[in-house]
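Novice: Below you'll find the structure I mean.
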Amino acid sequence: MYKDSIDIILPCYNPPKNWEKEIVHNYGKLVNLLHQYQINILIVNDGSLHNTTQEHIEYLTDNIPSFTYISYKENKGKGYALRRGVEKSTAKYVICSDIDFPYTNDSIYNIFIRLTKNVDIVVGNRGETYYKDVPTVRIFISKLLRTFNKVFLGMKISDTQCGLKGFNENGRKIFLQTTINRYLFDLEFVYLGSNDKDISIKPVNVTLKEGIVFSKMNIKILKQEGSAFVKLVIKHFVKKILGIKK
């Protein structure tokens, strides 16, 4: 008998070669680490144009006992994809990561263990070692956003963009309140959780795997995310002026 179940939700957009084998490999590692819990994998195909064939899905279905696949044609963004997955989720605990499992399985384990200690939302925190092999542009954007989060939003947890997060049923309700469809949904989620007095939210240090290849930054998306950040800041100050706490 399992203690409880864990849904691991992975957004998928034009995944790399052999992605399905990597998922099965990492699934096996997590089963060994968390053998007392039932682990379910939910993949949300966010309008991929290639490398998501029926053969890929059959391989995953054949090798993962509890596997759910959600797919739609139009690319909507990572935030939208994860909300679709969370809406389908039924487990007590949810962990969101990326399709290539960029963080070590020990990091996922530590996120989960923290969740079991009466914490509603656990956020991956990337230390200075994370930036050693990260492209310069990503380092600049990441550190700039962390500074903005502190200065403009007054957030104690400044690293909001780590792709590894976990939450329980209380955190699920907060996650489904997010509205941003692309990358800054992470920031919106942590911001909402941090400003809810009934929600406990904690950071946990995580480690990036060696050899992870980063995708190129899209200027158009950066502009969209900049606009989303400005809107969030404006909303924050309006609430502050009006004395609204949630």
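Numbering starts fresh at 1 for the residues of each chain in the structure tokens, the chains themselves are lettered A, B, ... in the order given, and ligands are numbered from 1 as they appear.
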Give me, as CSV, the closest atom pair and its distance (Å, one decimal) for every residue of range 16-54 of chain A within a cut-off of 9 Å of range 90-104 of chain A, counting only C-alpha atoms, rows sorted by chain and rising number.
Specialist:
residue,atom,partner,partner_atom,distance
A:Pro16,CA,A:Asp100,CA,8.0
A:Trp19,CA,A:Asp100,CA,6.7
A:Glu20,CA,A:Ile99,CA,8.9
A:Glu22,CA,A:Asp100,CA,7.1
A:Ile23,CA,A:Asp100,CA,7.4
A:Asn26,CA,A:Phe101,CA,7.5
A:Asn40,CA,A:Ala91,CA,8.3
A:Ile43,CA,A:Ile99,CA,8.2
Novice: Store the residues picked out above, limited to N, CA, C and O atoms, as an mmCIF file, in the first residue's frame.
Specialist:
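Contents of again_0.cif, as written:
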data_model
loop_
_atom_site.group_PDB
_atom_site.id
_atom_site.type_symbol
_atom_site.label_atom_id
_atom_site.label_comp_id
_atom_site.auth_asym_id
_atom_site.auth_seq_id
_atom_site.Cartn_x
_atom_site.Cartn_y
_atom_site.Cartn_z
ATOM 1 N N PRO A 16 13.286 17.388 -27.137
ATOM 2 C CA PRO A 16 14.509 16.908 -27.798
ATOM 3 C C PRO A 16 14.431 15.423 -28.147
ATOM 4 O O PRO A 16 13.528 14.709 -27.703
ATOM 5 N N TRP A 19 13.467 12.052 -25.825
ATOM 6 C CA TRP A 19 12.862 12.605 -24.619
ATOM 7 C C TRP A 19 12.034 11.582 -23.866
ATOM 8 O O TRP A 19 12.008 11.571 -22.636
ATOM 9 N N GLU A 20 11.349 10.705 -24.622
ATOM 10 C CA GLU A 20 10.489 9.722 -23.972
ATOM 11 C C GLU A 20 11.299 8.723 -23.151
ATOM 12 O O GLU A 20 10.882 8.280 -22.079
ATOM 13 N N GLU A 22 14.230 9.384 -21.746
ATOM 14 C CA GLU A 22 14.727 10.111 -20.571
ATOM 15 C C GLU A 22 13.663 10.180 -19.472
ATOM 16 O O GLU A 22 13.966 10.075 -18.291
ATOM 17 N N ILE A 23 12.402 10.358 -19.893
ATOM 18 C CA ILE A 23 11.322 10.416 -18.906
ATOM 19 C C ILE A 23 11.171 9.072 -18.196
ATOM 20 O O ILE A 23 11.054 9.013 -16.965
ATOM 21 N N ASN A 26 14.101 8.653 -15.755
ATOM 22 C CA ASN A 26 13.948 9.460 -14.540
ATOM 23 C C ASN A 26 12.789 8.979 -13.683
ATOM 24 O O ASN A 26 12.855 9.032 -12.452
ATOM 25 N N ASN A 40 2.685 9.339 -10.461
ATOM 26 C CA ASN A 40 1.958 9.447 -11.717
ATOM 27 C C ASN A 40 2.617 10.518 -12.591
ATOM 28 O O ASN A 40 2.993 11.577 -12.093
ATOM 29 N N ILE A 43 1.849 14.437 -18.840
ATOM 30 C CA ILE A 43 2.527 15.251 -19.839
ATOM 31 C C ILE A 43 1.491 16.071 -20.585
ATOM 32 O O ILE A 43 0.463 15.541 -21.027
#
Novice: At a cut-off of 8 Å, using only C-alpha atoms, what residues contact Val24 in chain A? Leave out same-chain residues fewer than 5 positions from it and give the result as a list in words.
Specialist: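 The contact residues come out as Leu60, Asn63 and Ile64 of chain A.
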Novice: Taking the DSSP assignment computed from this structure's backbone, write out as an MDAnalysis selection string all residues of range 9-42 of chain A that belong to strand (DSSP E).
Specialist: chainID A and resid 9:12 38:42
Novice: Would you kindly return, as a list in words, each protein, DNA or RNA residue with an atom no farther than 12 Å from any atom of Gly193 in chain A, considering only C-alpha atoms and excluding same-chain residues fewer than 5 positions away?
Specialist: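 Counting only C-alpha atoms, the residues come to Val119, Asp120, Ile121, Val122, Val123, Met155, Lys156, Ile157, Thr160, Phe167, Asn170, Gly171, Arg172, Lys173, Ile174, Phe175, Leu176, Gln177, Thr178, Asp186, Leu187, Glu188, Asp198, Ile199, Ser200, Ile201, Lys202, Lys245 and Lys246 of chain A.
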Novice: I'd like the interatomic distance between CA of Arg146 in chain A and CA of Lys165 in chain A, to a tenth of an Å.
Specialist: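 Here the two named atoms are 16.7 Å from each other.
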Novice: Given only C-alpha atoms as the basis, pick out the residue of A:Asp7, A:Asn18, A:Tyr72, A:His56 nearest to Ile39 in chain A.
Specialist: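 Result for the nearest residue to Ile39 in chain A: A:Asp7.
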Novice: Give me every helix (DSSP H, G or I) residue in range 7-152 of chain A, going by DSSP on the backbone, as an MDAnalysis selection string.
Specialist: chainID A and resid 19:33 54:63 78:88 105:115 128:133 136:152
Novice: Any idea what the distance is between CA of Val190 in chain A and CA of Leu153 in chain A?
Specialist: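 The value is 11.1 Å.
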Novice: Quick one: everything within 12 Å of Gly154 in chain A, counting only C-alpha atoms, minus sequence neighbours fewer than 6 positions away in the same chain. Send it as a ChimeraX atom specification.
Specialist: /A:146-148,190-191,194-195,233,236-237,240
Novice: Would you save the residues from that selection as a compact mmCIF listing (two decimals), in the first residue's frame, using all heavy atoms?
Specialist:
# COMPACT_ATOMS: atom_id res chain seq x y z
N ARG A 146 15.25 38.78 -10.27
CA ARG A 146 15.32 38.55 -8.82
C ARG A 146 15.40 39.87 -8.07
O ARG A 146 14.77 40.05 -7.03
CB ARG A 146 16.52 37.65 -8.48
CG ARG A 146 16.35 36.22 -8.97
CD ARG A 146 17.56 35.35 -8.71
NE ARG A 146 17.62 34.93 -7.32
CZ ARG A 146 18.18 33.78 -6.93
NH1 ARG A 146 18.71 32.96 -7.81
NH2 ARG A 146 18.21 33.46 -5.66
N THR A 147 16.18 40.81 -8.63
CA THR A 147 16.29 42.14 -8.01
C THR A 147 14.95 42.87 -8.08
O THR A 147 14.50 43.48 -7.10
CB THR A 147 17.37 42.97 -8.72
OG1 THR A 147 18.62 42.29 -8.61
CG2 THR A 147 17.48 44.35 -8.09
N PHE A 148 14.30 42.82 -9.24
CA PHE A 148 13.00 43.47 -9.42
C PHE A 148 11.96 42.90 -8.47
O PHE A 148 11.12 43.63 -7.93
CB PHE A 148 12.52 43.31 -10.87
CG PHE A 148 13.16 44.27 -11.83
CD1 PHE A 148 14.15 45.15 -11.44
CD2 PHE A 148 12.77 44.29 -13.16
CE1 PHE A 148 14.74 46.04 -12.32
CE2 PHE A 148 13.35 45.17 -14.07
CZ PHE A 148 14.34 46.05 -13.64
N VAL A 190 4.16 32.36 -7.21
CA VAL A 190 4.88 32.59 -5.96
C VAL A 190 4.39 33.88 -5.30
O VAL A 190 4.25 33.95 -4.07
CB VAL A 190 6.41 32.65 -6.21
CG1 VAL A 190 7.15 32.96 -4.91
CG2 VAL A 190 6.90 31.33 -6.78
N TYR A 191 4.10 34.88 -6.10
CA TYR A 191 3.59 36.15 -5.57
C TYR A 191 2.25 35.94 -4.87
O TYR A 191 2.04 36.41 -3.75
CB TYR A 191 3.44 37.15 -6.71
CG TYR A 191 2.78 38.45 -6.31
CD1 TYR A 191 3.48 39.42 -5.59
CD2 TYR A 191 1.45 38.71 -6.63
CE1 TYR A 191 2.88 40.61 -5.21
CE2 TYR A 191 0.84 39.89 -6.25
CZ TYR A 191 1.55 40.83 -5.54
OH TYR A 191 0.95 42.01 -5.16
N SER A 194 2.78 33.94 -1.66
CA SER A 194 3.47 34.72 -0.64
C SER A 194 2.56 35.74 0.03
O SER A 194 2.79 36.15 1.17
CB SER A 194 4.67 35.45 -1.26
OG SER A 194 5.60 34.54 -1.79
N ASN A 195 1.53 36.18 -0.69
CA ASN A 195 0.64 37.21 -0.16
C ASN A 195 -0.65 36.65 0.44
O ASN A 195 -1.56 37.41 0.76
CB ASN A 195 0.31 38.22 -1.26
CG ASN A 195 1.46 39.17 -1.52
OD1 ASN A 195 1.63 40.17 -0.83
ND2 ASN A 195 2.28 38.83 -2.51
N VAL A 233 3.20 44.40 -11.30
CA VAL A 233 3.67 45.43 -10.39
C VAL A 233 2.58 46.47 -10.15
O VAL A 233 2.33 46.89 -9.01
CB VAL A 233 4.94 46.12 -10.95
CG1 VAL A 233 5.28 47.36 -10.12
CG2 VAL A 233 6.11 45.16 -10.92
N HIS A 236 0.02 45.10 -7.92
CA HIS A 236 0.56 45.03 -6.56
C HIS A 236 0.39 46.38 -5.85
O HIS A 236 -0.07 46.44 -4.70
CB HIS A 236 2.03 44.64 -6.62
CG HIS A 236 2.77 44.81 -5.33
ND1 HIS A 236 2.60 43.98 -4.24
CD2 HIS A 236 3.69 45.74 -4.94
CE1 HIS A 236 3.37 44.37 -3.25
NE2 HIS A 236 4.04 45.44 -3.64
N PHE A 237 0.78 47.46 -6.52
CA PHE A 237 0.71 48.77 -5.89
C PHE A 237 -0.73 49.25 -5.72
O PHE A 237 -1.04 49.94 -4.75
CB PHE A 237 1.54 49.78 -6.68
CG PHE A 237 3.01 49.70 -6.38
CD1 PHE A 237 3.88 49.11 -7.28
CD2 PHE A 237 3.51 50.16 -5.18
CE1 PHE A 237 5.23 49.01 -7.00
CE2 PHE A 237 4.86 50.07 -4.88
CZ PHE A 237 5.73 49.49 -5.80
N LYS A 240 -1.90 47.59 -2.67
CA LYS A 240 -1.26 48.17 -1.50
C LYS A 240 -1.93 49.50 -1.11
O LYS A 240 -2.18 49.75 0.06
CB LYS A 240 0.22 48.40 -1.82
CG LYS A 240 1.09 48.55 -0.60
CD LYS A 240 2.57 48.52 -1.00
CE LYS A 240 3.44 48.60 0.24
NZ LYS A 240 4.88 48.58 -0.13
Novice: Between A:Leu82, A:Lys21, A:Arg126, A:Ser107, which one has atoms that come closest to Ile57 in chain A, using only C-alpha atoms?
Specialist: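 Closest to Ile57 in chain A, using only C-alpha atoms: A:Lys21.
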Novice: Name the closest residue to Ile9 in chain A among the candidates A:Tyr27, A:Phe229, A:Phe189, A:Tyr131; distances are taken between atoms, counting only C-alpha atoms.
Specialist: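 Comparing A:Tyr27, A:Phe229, A:Phe189, A:Tyr131 against Ile9 in chain A, the winner is A:Tyr27.
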